[in-house]
$ cat target_13.cif   # mmCIF, C-alpha atoms
data_query
#
loop_
_atom_site.label_atom_id
_atom_site.label_comp_id
_atom_site.auth_asym_id
_atom_site.auth_seq_id
_atom_site.Cartn_x
_atom_site.Cartn_y
_atom_site.Cartn_z
CA HIS A 14 0.00 0.00 0.00
CA ALA A 15 2.79 2.41 0.89
CA VAL A 16 4.65 1.72 -2.37
CA ILE A 17 1.58 2.32 -4.53
CA HIS A 18 0.59 5.40 -2.54
CA ARG A 19 4.06 6.89 -3.08
CA THR A 20 3.98 5.97 -6.78
CA ILE A 21 0.60 7.63 -7.30
CA ARG A 22 1.79 10.82 -5.62
CA ALA A 23 5.26 10.95 -7.21
CA ARG A 24 4.00 10.26 -10.74
CA LYS A 25 0.78 12.27 -10.34
CA LEU A 26 -1.26 9.32 -11.65
CA PHE A 27 -4.59 10.34 -10.05
CA LYS A 28 -6.32 13.36 -8.58
CA ARG A 29 -8.45 13.56 -5.45
CA GLN A 30 -12.17 12.83 -5.91
CA GLN A 31 -11.52 11.46 -9.40
CA ARG A 32 -13.95 9.05 -11.10
CA ILE A 33 -11.85 5.96 -11.84
CA LEU A 34 -12.90 2.92 -13.87
CA VAL A 35 -10.91 -0.21 -12.93
CA ALA A 36 -10.56 -3.06 -15.44
CA VAL A 37 -10.92 -6.31 -13.46
CA SER A 38 -10.53 -9.73 -15.08
CA GLY A 39 -10.64 -11.61 -11.79
CA GLY A 40 -6.99 -12.68 -12.01
CA GLN A 41 -4.42 -11.92 -9.35
CA ASP A 42 -3.08 -8.70 -10.88
CA SER A 43 -6.45 -7.01 -11.29
CA LEU A 44 -7.67 -8.18 -7.85
CA CYS A 45 -4.52 -6.80 -6.27
CA LEU A 46 -5.13 -3.52 -8.12
CA ILE A 47 -8.77 -3.06 -7.08
CA LYS A 48 -8.03 -4.03 -3.47
CA LEU A 49 -5.21 -1.47 -3.28
CA LEU A 50 -7.40 1.28 -4.75
CA LEU A 51 -10.28 0.42 -2.41
CA ASP A 52 -7.96 0.57 0.60
CA LEU A 53 -6.50 3.92 -0.53
CA GLN A 54 -9.91 5.31 -1.45
CA PRO A 55 -10.53 7.05 1.92
CA LYS A 56 -7.30 9.06 1.49
CA TRP A 57 -8.15 10.18 -2.04
CA GLU A 58 -11.98 10.15 -2.03
CA TRP A 59 -12.11 8.43 -5.41
CA ASP A 60 -15.35 7.33 -7.07
CA LEU A 61 -14.50 3.80 -8.22
CA GLY A 62 -16.22 1.53 -10.71
CA ILE A 63 -15.37 -1.94 -12.07
CA VAL A 64 -15.56 -3.01 -15.71
CA HIS A 65 -15.14 -6.60 -16.89
CA CYS A 66 -14.58 -7.66 -20.52
CA ASP A 67 -15.83 -11.08 -21.64
CA HIS A 68 -13.95 -12.13 -24.80
CA LEU A 69 -16.03 -15.35 -25.13
CA TRP A 70 -12.76 -17.30 -25.25
CA ARG A 71 -13.78 -19.90 -22.68
CA ASP A 72 -16.85 -21.92 -21.77
CA ASP A 73 -16.70 -20.53 -18.24
CA SER A 74 -16.34 -16.87 -19.27
CA SER A 75 -19.87 -15.97 -18.17
CA VAL A 76 -19.25 -17.57 -14.74
CA ASN A 77 -16.00 -15.58 -14.55
CA ALA A 78 -18.00 -12.39 -15.20
CA GLU A 79 -20.51 -13.31 -12.46
CA HIS A 80 -17.61 -13.86 -10.06
CA VAL A 81 -16.29 -10.33 -10.68
CA GLU A 82 -19.82 -8.88 -10.46
CA ASN A 83 -20.30 -10.56 -7.06
CA LEU A 84 -17.09 -8.96 -5.81
CA ALA A 85 -18.32 -5.55 -7.00
CA GLU A 86 -21.55 -6.08 -5.05
CA ILE A 87 -19.60 -7.05 -1.91
CA TRP A 88 -17.44 -3.92 -2.28
CA LYS A 89 -20.54 -1.82 -3.12
CA ILE A 90 -19.16 -0.25 -6.25
CA PRO A 91 -20.74 0.00 -9.75
CA PHE A 92 -20.15 -2.89 -12.15
CA TYR A 93 -20.15 -2.80 -15.96
CA LEU A 94 -19.97 -5.86 -18.20
CA GLU A 95 -18.90 -5.79 -21.85
CA ILE A 96 -19.36 -8.97 -23.93
CA ALA A 97 -17.82 -9.52 -27.36
CA ASP A 98 -20.27 -10.13 -30.22
CA GLU A 99 -18.29 -13.23 -31.15
CA PRO A 100 -15.16 -14.97 -29.81
CA VAL A 101 -12.12 -12.76 -30.34
CA ASN A 102 -9.61 -14.81 -32.32
CA SER A 103 -6.22 -13.19 -31.61
CA GLU A 104 -4.31 -11.35 -28.91
CA ALA A 105 -4.07 -8.17 -30.98
CA THR A 106 -7.78 -8.20 -31.88
CA ALA A 107 -8.69 -8.84 -28.25
CA ARG A 108 -6.52 -5.96 -27.04
CA ASN A 109 -7.97 -3.52 -29.60
CA TRP A 110 -11.55 -4.53 -28.75
CA ARG A 111 -10.86 -4.32 -25.02
CA TYR A 112 -9.46 -0.79 -25.11
CA ARG A 113 -12.26 0.32 -27.41
CA VAL A 114 -15.03 -0.89 -25.07
CA LEU A 115 -13.22 0.29 -21.93
CA GLU A 116 -13.07 3.78 -23.40
CA SER A 117 -16.73 3.59 -24.39
CA VAL A 118 -17.85 2.62 -20.87
CA ALA A 119 -15.73 5.41 -19.37
CA LEU A 120 -17.25 8.00 -21.71
CA ILE A 121 -20.85 6.87 -21.19
CA HIS A 122 -20.56 6.80 -17.39
CA ASN A 123 -18.37 9.89 -17.02
CA TYR A 124 -15.15 8.29 -15.74
CA SER A 125 -12.07 10.40 -16.41
CA CYS A 126 -9.60 7.53 -16.45
CA ILE A 127 -9.30 3.77 -16.90
CA VAL A 128 -6.92 1.75 -14.71
CA THR A 129 -5.41 -1.61 -15.63
CA GLY A 130 -3.40 -4.09 -13.57
CA HIS A 131 -0.34 -4.38 -15.81
CA THR A 132 2.76 -5.17 -13.77
CA ALA A 133 6.55 -5.09 -14.17
CA SER A 134 6.25 -8.71 -15.35
CA ASP A 135 3.91 -7.63 -18.16
CA ARG A 136 6.33 -4.86 -19.03
CA ALA A 137 9.22 -7.32 -19.32
CA GLU A 138 7.15 -9.71 -21.45
CA THR A 139 5.99 -6.88 -23.74
CA LEU A 140 9.56 -5.73 -24.27
CA LEU A 141 10.64 -9.26 -25.28
CA TYR A 142 7.57 -9.79 -27.46
CA ASN A 143 8.07 -6.53 -29.37
CA LEU A 144 11.84 -6.99 -29.59
CA MET A 145 11.37 -10.34 -31.36
CA ARG A 146 8.89 -8.70 -33.76
CA GLY A 147 11.50 -6.12 -34.77
CA SER A 148 10.14 -3.13 -32.88
CA GLY A 149 12.03 0.09 -32.25
CA ALA A 150 12.29 1.90 -28.92
CA ASP A 151 8.64 2.96 -29.08
CA GLY A 152 7.44 -0.64 -29.03
CA LEU A 153 9.95 -1.74 -26.40
CA GLN A 154 8.57 0.81 -23.93
CA ALA A 155 4.95 0.37 -25.01
CA LEU A 156 3.56 -0.27 -21.51
CA THR A 157 3.80 3.25 -20.08
CA TRP A 158 2.56 4.58 -16.74
CA GLN A 159 -0.13 6.69 -18.36
CA ARG A 160 -1.34 7.93 -21.72
CA ILE A 161 -4.36 9.61 -23.23
CA LEU A 162 -6.72 7.49 -25.34
CA PRO A 163 -8.23 8.91 -28.59
CA ASP A 164 -11.38 10.27 -26.91
CA GLY A 165 -9.45 12.02 -24.15
CA ILE A 166 -9.82 9.37 -21.42
CA GLY A 167 -6.68 8.72 -19.40
CA LEU A 168 -5.22 5.20 -19.23
CA VAL A 169 -3.21 4.56 -16.04
CA ARG A 170 -1.09 1.56 -14.99
CA PRO A 171 -0.08 2.05 -11.33
CA LEU A 172 1.44 -1.44 -10.77
CA LEU A 173 4.41 -1.20 -13.15
CA GLU A 174 6.90 -1.40 -10.26
CA ILE A 175 5.23 -4.53 -8.85
CA ASN A 176 5.87 -7.99 -10.31
CA ARG A 177 3.53 -10.94 -10.66
CA ASP A 178 4.99 -12.80 -7.69
CA GLN A 179 4.21 -9.81 -5.48
CA THR A 180 0.59 -9.50 -6.67
CA GLY A 181 0.15 -13.22 -6.04
CA GLN A 182 1.52 -12.90 -2.51
CA PHE A 183 -0.71 -9.87 -1.91
CA CYS A 184 -3.82 -11.81 -2.95
CA GLN A 185 -2.79 -14.68 -0.68
CA ASP A 186 -2.20 -12.35 2.28
CA PHE A 187 -5.64 -10.74 1.88
CA GLN A 188 -7.36 -14.02 0.87
CA LEU A 189 -8.66 -12.56 -2.38
CA PRO A 190 -10.60 -15.08 -4.52
CA ILE A 191 -8.48 -15.33 -7.68
CA TRP A 192 -10.22 -16.59 -10.82
CA GLN A 193 -7.89 -19.03 -12.59
CA ASP A 194 -8.05 -18.22 -16.31
CA SER A 195 -7.26 -21.33 -18.34
CA THR A 196 -6.28 -19.27 -21.39
CA ASN A 197 -3.19 -18.14 -19.44
CA GLU A 198 -1.91 -21.69 -19.80
CA ASN A 199 -2.67 -21.95 -23.54
CA PHE A 200 0.65 -21.96 -25.41
CA LYS A 201 -1.11 -21.00 -28.63
CA TYR A 202 -0.64 -17.43 -27.45
CA ALA A 203 2.91 -16.08 -27.80
CA ARG A 204 2.78 -14.15 -24.54
CA ASN A 205 2.05 -17.34 -22.60
CA ARG A 206 5.10 -19.02 -24.11
CA ILE A 207 7.19 -15.99 -23.13
CA ARG A 208 5.76 -16.09 -19.61
CA HIS A 209 6.00 -19.82 -18.94
CA GLU A 210 9.00 -20.85 -21.07
CA LEU A 211 11.24 -17.96 -22.12
CA ILE A 212 11.28 -15.89 -18.90
CA PRO A 213 11.98 -18.93 -16.65
CA TYR A 214 14.76 -20.02 -19.06
CA LEU A 215 16.35 -16.55 -18.99
CA ARG A 216 15.97 -16.41 -15.20
CA GLU A 217 17.67 -19.77 -14.72
CA ASN A 218 20.44 -19.43 -17.30
CA PHE A 219 21.22 -15.71 -17.59
CA ASN A 220 19.82 -13.42 -14.90
CA PRO A 221 17.74 -14.38 -11.83
CA GLN A 222 16.32 -10.83 -11.85
CA VAL A 223 15.59 -10.75 -15.58
CA GLU A 224 12.02 -9.42 -15.19
CA SER A 225 13.18 -6.53 -13.05
CA SER A 226 16.07 -5.74 -15.41
CA LEU A 227 13.83 -5.74 -18.49
CA ALA A 228 11.21 -3.59 -16.75
CA GLN A 229 13.93 -1.10 -15.80
CA THR A 230 15.10 -1.04 -19.41
CA ALA A 231 11.55 -0.22 -20.51
CA GLU A 232 11.43 2.59 -17.94
CA LEU A 233 14.67 4.09 -19.27
CA LEU A 234 13.45 3.79 -22.85
CA GLN A 235 10.20 5.53 -21.99
CA ALA A 236 11.99 8.69 -20.85
CA GLU A 237 14.27 8.65 -23.89
CA VAL A 238 11.38 8.11 -26.31
CA GLU A 239 9.47 11.03 -24.79
CA TYR A 240 12.51 13.28 -25.23
CA LEU A 241 13.15 12.16 -28.82
CA GLU A 242 9.49 12.52 -29.77
CA GLN A 243 9.42 16.11 -28.55
CA ALA A 244 12.70 16.97 -30.29
CA ALA A 245 11.46 15.36 -33.53
CA LYS A 246 8.17 17.24 -33.33
CA GLU A 247 10.03 20.55 -33.08
CA LEU A 248 12.28 19.59 -36.00
CA GLN A 249 9.28 18.50 -38.07
CA GLU A 250 7.49 21.78 -37.40
CA GLU A 251 10.56 23.74 -38.49
CA ALA A 252 10.99 21.72 -41.68
CA MET A 253 7.28 21.91 -42.52
CA ARG A 254 7.06 25.62 -41.70
CA GLU A 255 9.54 26.27 -44.48
CA GLY A 256 7.59 23.89 -46.69
CA LYS A 257 4.32 25.72 -46.06
CA ARG A 258 5.89 29.03 -47.07
CA GLU A 259 7.15 27.47 -50.28
CA GLY A 260 3.76 25.86 -50.87
CA ARG A 261 1.96 29.20 -50.53
CA ARG A 262 4.30 30.76 -53.10
CA GLU A 263 3.64 27.89 -55.53
CA ARG A 264 -0.14 28.17 -55.13
CA GLU A 265 0.00 31.90 -55.77
CA GLU A 266 2.06 31.31 -58.91
CA LYS A 267 -0.37 28.66 -60.14
CA LEU A 268 -3.34 30.92 -59.58
CA LEU A 269 -1.64 33.69 -61.54
CA THR A 270 -1.13 31.31 -64.47
CA ASN A 271 -4.69 29.83 -64.18
CA LEU A 272 -3.40 26.45 -63.00
CA SER A 273 -5.22 24.52 -60.28
CA PRO A 274 -3.22 23.44 -57.24
CA LEU A 275 -2.84 19.73 -56.65
CA SER A 276 -6.05 18.27 -55.22
CA THR A 277 -6.25 15.19 -53.05
CA ASP A 278 -8.74 13.41 -50.83
CA ASN A 279 -6.09 13.19 -48.10
CA SER A 280 -6.32 16.37 -46.03
CA GLN A 281 -2.66 16.00 -44.99
CA LEU A 282 -1.41 16.17 -48.57
CA PRO A 283 0.33 17.71 -50.38
CA LEU A 284 3.06 18.71 -47.95
CA LYS A 285 6.72 19.70 -48.14
CA LEU A 286 9.72 19.17 -45.90
CA ASN A 287 12.88 21.25 -46.13
CA ARG A 288 15.77 18.84 -46.72
CA ARG A 289 18.43 21.36 -45.69
CA ILE A 290 16.97 21.61 -42.20
CA LEU A 291 16.66 17.82 -41.87
CA GLN A 292 20.19 17.15 -43.15
CA ASN A 293 21.72 18.85 -40.12
CA ALA A 294 19.83 16.62 -37.66
CA PRO A 295 21.02 13.26 -36.24
CA LEU A 296 19.73 10.17 -38.03
CA ALA A 297 17.60 9.20 -35.01
CA LEU A 298 15.67 12.48 -35.28
CA GLN A 299 15.42 12.24 -39.08
CA ARG A 300 13.79 8.82 -38.76
CA ARG A 301 11.44 10.04 -36.04
CA VAL A 302 10.31 13.01 -38.12
CA MET A 303 9.54 10.68 -41.03
CA ARG A 304 7.69 8.28 -38.73
CA GLN A 305 5.56 11.14 -37.38
CA ILE A 306 4.74 12.26 -40.94
CA LEU A 307 3.84 8.75 -42.08
CA LEU A 308 1.62 8.17 -39.03
CA GLU A 309 -0.48 11.08 -40.28
CA ILE A 310 -0.85 9.97 -43.89
CA LEU A 311 -0.78 6.15 -43.88
CA PRO A 312 -3.83 3.99 -43.08
CA TYR A 313 -1.79 2.07 -40.49
CA ALA A 314 1.47 2.45 -38.57
CA PRO A 315 4.55 2.62 -40.83
CA ASN A 316 7.11 -0.17 -40.79
CA PHE A 317 10.91 0.14 -40.87
CA GLU A 318 11.03 -0.01 -44.70
CA HIS A 319 8.51 2.86 -45.06
CA ILE A 320 10.50 5.07 -42.69
CA GLU A 321 13.85 4.26 -44.33
CA LYS A 322 12.45 4.88 -47.80
CA LEU A 323 11.36 8.39 -46.84
CA THR A 324 14.47 9.15 -44.77
CA ALA A 325 16.70 8.26 -47.75
CA LEU A 326 15.24 11.20 -49.67
CA ILE A 327 16.96 13.67 -47.31
CA ILE A 328 20.23 13.15 -49.21
CA ALA A 329 18.88 11.67 -52.47
CA PRO A 330 19.57 13.20 -55.92
CA GLN A 331 17.15 15.63 -57.57
CA LYS A 332 13.91 14.05 -58.92
CA THR A 333 14.34 10.85 -56.89
CA GLN A 334 10.96 9.46 -55.87
CA THR A 335 9.56 6.58 -53.88
CA ASP A 336 7.20 3.90 -55.04
CA PRO A 337 3.66 4.39 -53.65
CA PHE A 338 3.06 4.12 -49.92
CA PRO A 339 -0.03 2.26 -48.64
CA GLY A 340 -3.07 4.45 -49.18
CA GLY A 341 -1.73 6.02 -52.38
CA ALA A 342 0.93 8.64 -51.73
CA ILE A 343 4.43 9.13 -53.12
CA ALA A 344 7.36 11.26 -52.06
CA LEU A 345 9.83 12.92 -54.41
CA VAL A 346 12.79 15.26 -54.28
CA GLU A 347 12.45 18.74 -55.80
CA GLY A 348 15.52 20.81 -55.04
CA ASP A 349 15.67 21.52 -51.33
CA TRP A 350 12.30 19.88 -50.75
CA ILE A 351 10.83 16.46 -50.08
CA CYS A 352 7.30 16.62 -51.51
CA LEU A 353 4.61 14.16 -50.42
CA GLN A 354 1.54 14.06 -52.63
CA ALA A 355 -1.37 11.86 -53.59
CA ILE A 356 -1.30 9.84 -56.77
#
$ encode --input "target_13.cif" --output "structure tokens"
Amino acid sequence: HAVIHRTIRARKLFKRQQRILVAVSGGQDSLCLIKLLLDLQPKWEWDLGIVHCDHLWRDDSSVNAEHVENLAEIWKIPFYLEIADEPVNSEATARNWRYRVLESVALIHNYSCIVTGHTASDRAETLLYNLMRGSGADGLQALTWQRILPDGIGLVRPLLEINRDQTGQFCQDFQLPIWQDSTNENFKYARNRIRHELIPYLRENFNPQVESSLAQTAELLQAEVEYLEQAAKELQEEAMREGKREGRREREEKLLTNLSPLSTDNSQLPLKLNRRILQNAPLALQRRVMRQILLEILPYAPNFEHIEKLTALIIAPQKTQTDPFPGGAIALVEGDWICLQAI
């Protein structure tokens, strides 16, 4: 309790009298989380609610939901149940659906933030999972303490300094009724293999404190990513500010000669980036600027090849152009400019 209380205060995770929606699966991590928040509630005067997501993965999923609902009744706090229309067939699909419905419940019932029971163990597993998929620093630090969801609801993870062994011991000490989820033992899911095979192997053969070390690495990466993102944003704005000036001059010239400016259905295009400004920046910032640009114009997150293809134009010869990006856009070099336009 003291550790979590200090974490909440030091990281400014919550405010007093805040309406907080807690995602509770019934497993040890989420039960530890809700118990901690209930015990700290008198100090902070929070207005707590519980939401449970039924993915329809298991035959006993409805009984699992009833179990969590019974706990909410015992604790005398509101309970919300969200049930998938059909069984969710992958980890990624399940995660996307879960965050979507959590945000919907929070909006409908006027909760300002959603809280999940992710731990340092989850952080270590996520780092390994994304590392093996070829992720950059952004993916390796993906489980952050807090972030804002698309509709403005806060997402908070207050247990990131606590590991799974500690949440299990906590539940045992307070005799909390853990629901044993059989899908956590299903090795069809990559994260379960990481949890039950890879982490124990690394712990036994390389580092007994591997979870803690990986979680600390994710924490360090988070601070560095935040710094680089801000620096890249400032560089992007400078490069695009010059591009906007050039674009205005071109439009004026076209109007004077009765030519129509380039039209496109993509509101972000056309746009220009000043290559001279980008050439003076470190490669890490160049790549980040290009990633930020592509996130705005592509239908999905850019991969390494997309980013490298656009970054290469910073020093490419005149008239060099890329092949089309997903969604129908190309980039080409015109003098001091990288021009992105629809095709």
$ residues_near_point --input "target_13.cif" --point "(-15.7, 4.6, -16.1)" --cutoff "9 Å" --atoms "only C-alpha atoms" --output "PyMOL selection string"
chain A and resi 32-35+61-64+93+115-127
$ resolve_selection --input "target_13.cif" --expression "the PyMOL selection byres ((chain A and resi 67) around 9)" --output "list in words"
Ser38, His65, Cys66, His68, Leu69, Trp70, Ser74, Ser75, Asn77, Ala78, Leu94, Glu95, Ile96 and Ala97 of chain A
$ write_last_selection --input "target_13.cif" --atoms "C-alpha atoms" --output "PDB file, keeping the file's coordinate frame"
ATOM      1  CA  SER A  38     -10.530  -9.730 -15.080  1.00  0.00           C
ATOM      2  CA  HIS A  65     -15.140  -6.600 -16.890  1.00  0.00           C
ATOM      3  CA  CYS A  66     -14.580  -7.660 -20.520  1.00  0.00           C
ATOM      4  CA  HIS A  68     -13.950 -12.130 -24.800  1.00  0.00           C
ATOM      5  CA  LEU A  69     -16.030 -15.350 -25.130  1.00  0.00           C
ATOM      6  CA  TRP A  70     -12.760 -17.300 -25.250  1.00  0.00           C
ATOM      7  CA  SER A  74     -16.340 -16.870 -19.270  1.00  0.00           C
ATOM      8  CA  SER A  75     -19.870 -15.970 -18.170  1.00  0.00           C
ATOM      9  CA  ASN A  77     -16.000 -15.580 -14.550  1.00  0.00           C
ATOM     10  CA  ALA A  78     -18.000 -12.390 -15.200  1.00  0.00           C
ATOM     11  CA  LEU A  94     -19.970  -5.860 -18.200  1.00  0.00           C
ATOM     12  CA  GLU A  95     -18.900  -5.790 -21.850  1.00  0.00           C
ATOM     13  CA  ILE A  96     -19.360  -8.970 -23.930  1.00  0.00           C
ATOM     14  CA  ALA A  97     -17.820  -9.520 -27.360  1.00  0.00           C
TER      15      ALA A  97
END
$ resolve_selection --input "target_13.cif" --expression "the PyMOL selection byres ((chain A and resi 190) around 12)" --output "ChimeraX atom specification"
/A:38-45,48,77,80-81,83-84,181,183-189,191-193
$ residues_around --input "target_13.cif" --residues "segment 234-247 of chain A" --least-positions-apart "3" --cutoff "9 Å" --atoms "all atoms listed in the file" --output "PyMOL selection string"
chain A and resi 150-151+153-157+229-231+250-252+297-302+305
$ residues_near_point --input "target_13.cif" --point "(4.8, 19.4, -42.5)" --cutoff "7 Å" --atoms "all atoms listed in the file" --output "list in words"
Gln249, Glu250, Ala252, Met253, Arg254, Gly256, Leu284, Lys285 and Leu286 of chain A
$ atom_distance --input "target_13.cif" --atom1 "atom CA of Gln159 of chain A" --atom2 "atom CA of Ala133 of chain A"
14.2 Å
$ closest_residue --input "target_13.cif" --among "A:Ala15, A:Val76, A:Leu227, A:Ile47" --to "Trp88 of chain A" --atoms "only C-alpha atoms"
A:Ile47
$ closest_atom_pairs --input "target_13.cif" --of "segment 143-216 of chain A" --to "segment 312-319 of chain A" --cutoff "12 Å" --atoms "only C-alpha atoms" --output "JSON lines"
{"residue": "A:Arg146", "atom": "CA", "partner": "A:Asn316", "partner_atom": "CA", "distance": 11.2}
{"residue": "A:Gly147", "atom": "CA", "partner": "A:Phe317", "partner_atom": "CA", "distance": 8.8}
{"residue": "A:Ser148", "atom": "CA", "partner": "A:Phe317", "partner_atom": "CA", "distance": 8.7}
{"residue": "A:Gly149", "atom": "CA", "partner": "A:Phe317", "partner_atom": "CA", "distance": 8.7}
{"residue": "A:Asp151", "atom": "CA", "partner": "A:Ala314", "partner_atom": "CA", "distance": 11.9}
{"residue": "A:Gly152", "atom": "CA", "partner": "A:Ala314", "partner_atom": "CA", "distance": 11.7}
$ write_last_selection --input "target_13.cif" --atoms "C-alpha atoms" --output "compact mmCIF listing (two decimals), in the frame of the given file"
# COMPACT_ATOMS: atom_id res chain seq x y z
CA ARG A 146 8.89 -8.70 -33.76
CA GLY A 147 11.50 -6.12 -34.77
CA SER A 148 10.14 -3.13 -32.88
CA GLY A 149 12.03 0.09 -32.25
CA ASP A 151 8.64 2.96 -29.08
CA GLY A 152 7.44 -0.64 -29.03
$ atom_distance --input "target_13.cif" --atom1 "atom CA of Leu326 of chain A" --atom2 "atom CA of Pro339 of chain A"
17.7 Å
$ closest_residue --input "target_13.cif" --among "A:Asp194, A:Glu86, A:Val169, A:Phe219" --to "Ile21 of chain A" --atoms "only C-alpha atoms"
A:Val169
$ resolve_selection --input "target_13.cif" --expression "the PyMOL selection byres ((chain A and resi 162) around 10)" --output "PyMOL selection string"
chain A and resi 112-113+116+126-127+159-161+163-168
$ closest_residue --input "target_13.cif" --among "A:Trp110, A:Ile351, A:Leu51, A:Lys332" --to "Asp98 of chain A" --atoms "only C-alpha atoms"
A:Trp110
$ atom_distance --input "target_13.cif" --atom1 "atom CA of Thr129 of chain A" --atom2 "atom CA of Pro171 of chain A"
7.8 Å
$ residues_around --input "target_13.cif" --residues "Arg289 of chain A" --least-positions-apart "5" --cutoff "9 Å" --atoms "only C-alpha atoms" --output "list in words"
Ala252, Ile327, Asp349 and Trp350 of chain A
$ closest_residue --input "target_13.cif" --among "A:Phe338, A:Cys352, A:Leu311, A:Arg71" --to "Asn287 of chain A" --atoms "all atoms listed in the file"
A:Cys352
$ closest_residue --input "target_13.cif" --among "A:Glu347, A:Asp73, A:Glu321, A:Asp135" --to "Ser225 of chain A" --atoms "all atoms listed in the file"
A:Asp135
$ axis_aligned_box --input "target_13.cif" --around "segment 91-96 of chain A" --padding-each-side "3 Å" --output "JSON"
{"center_x": -19.8, "center_y": -4.5, "center_z": -16.8, "size_x": 7.8, "size_y": 15.0, "size_z": 20.2}
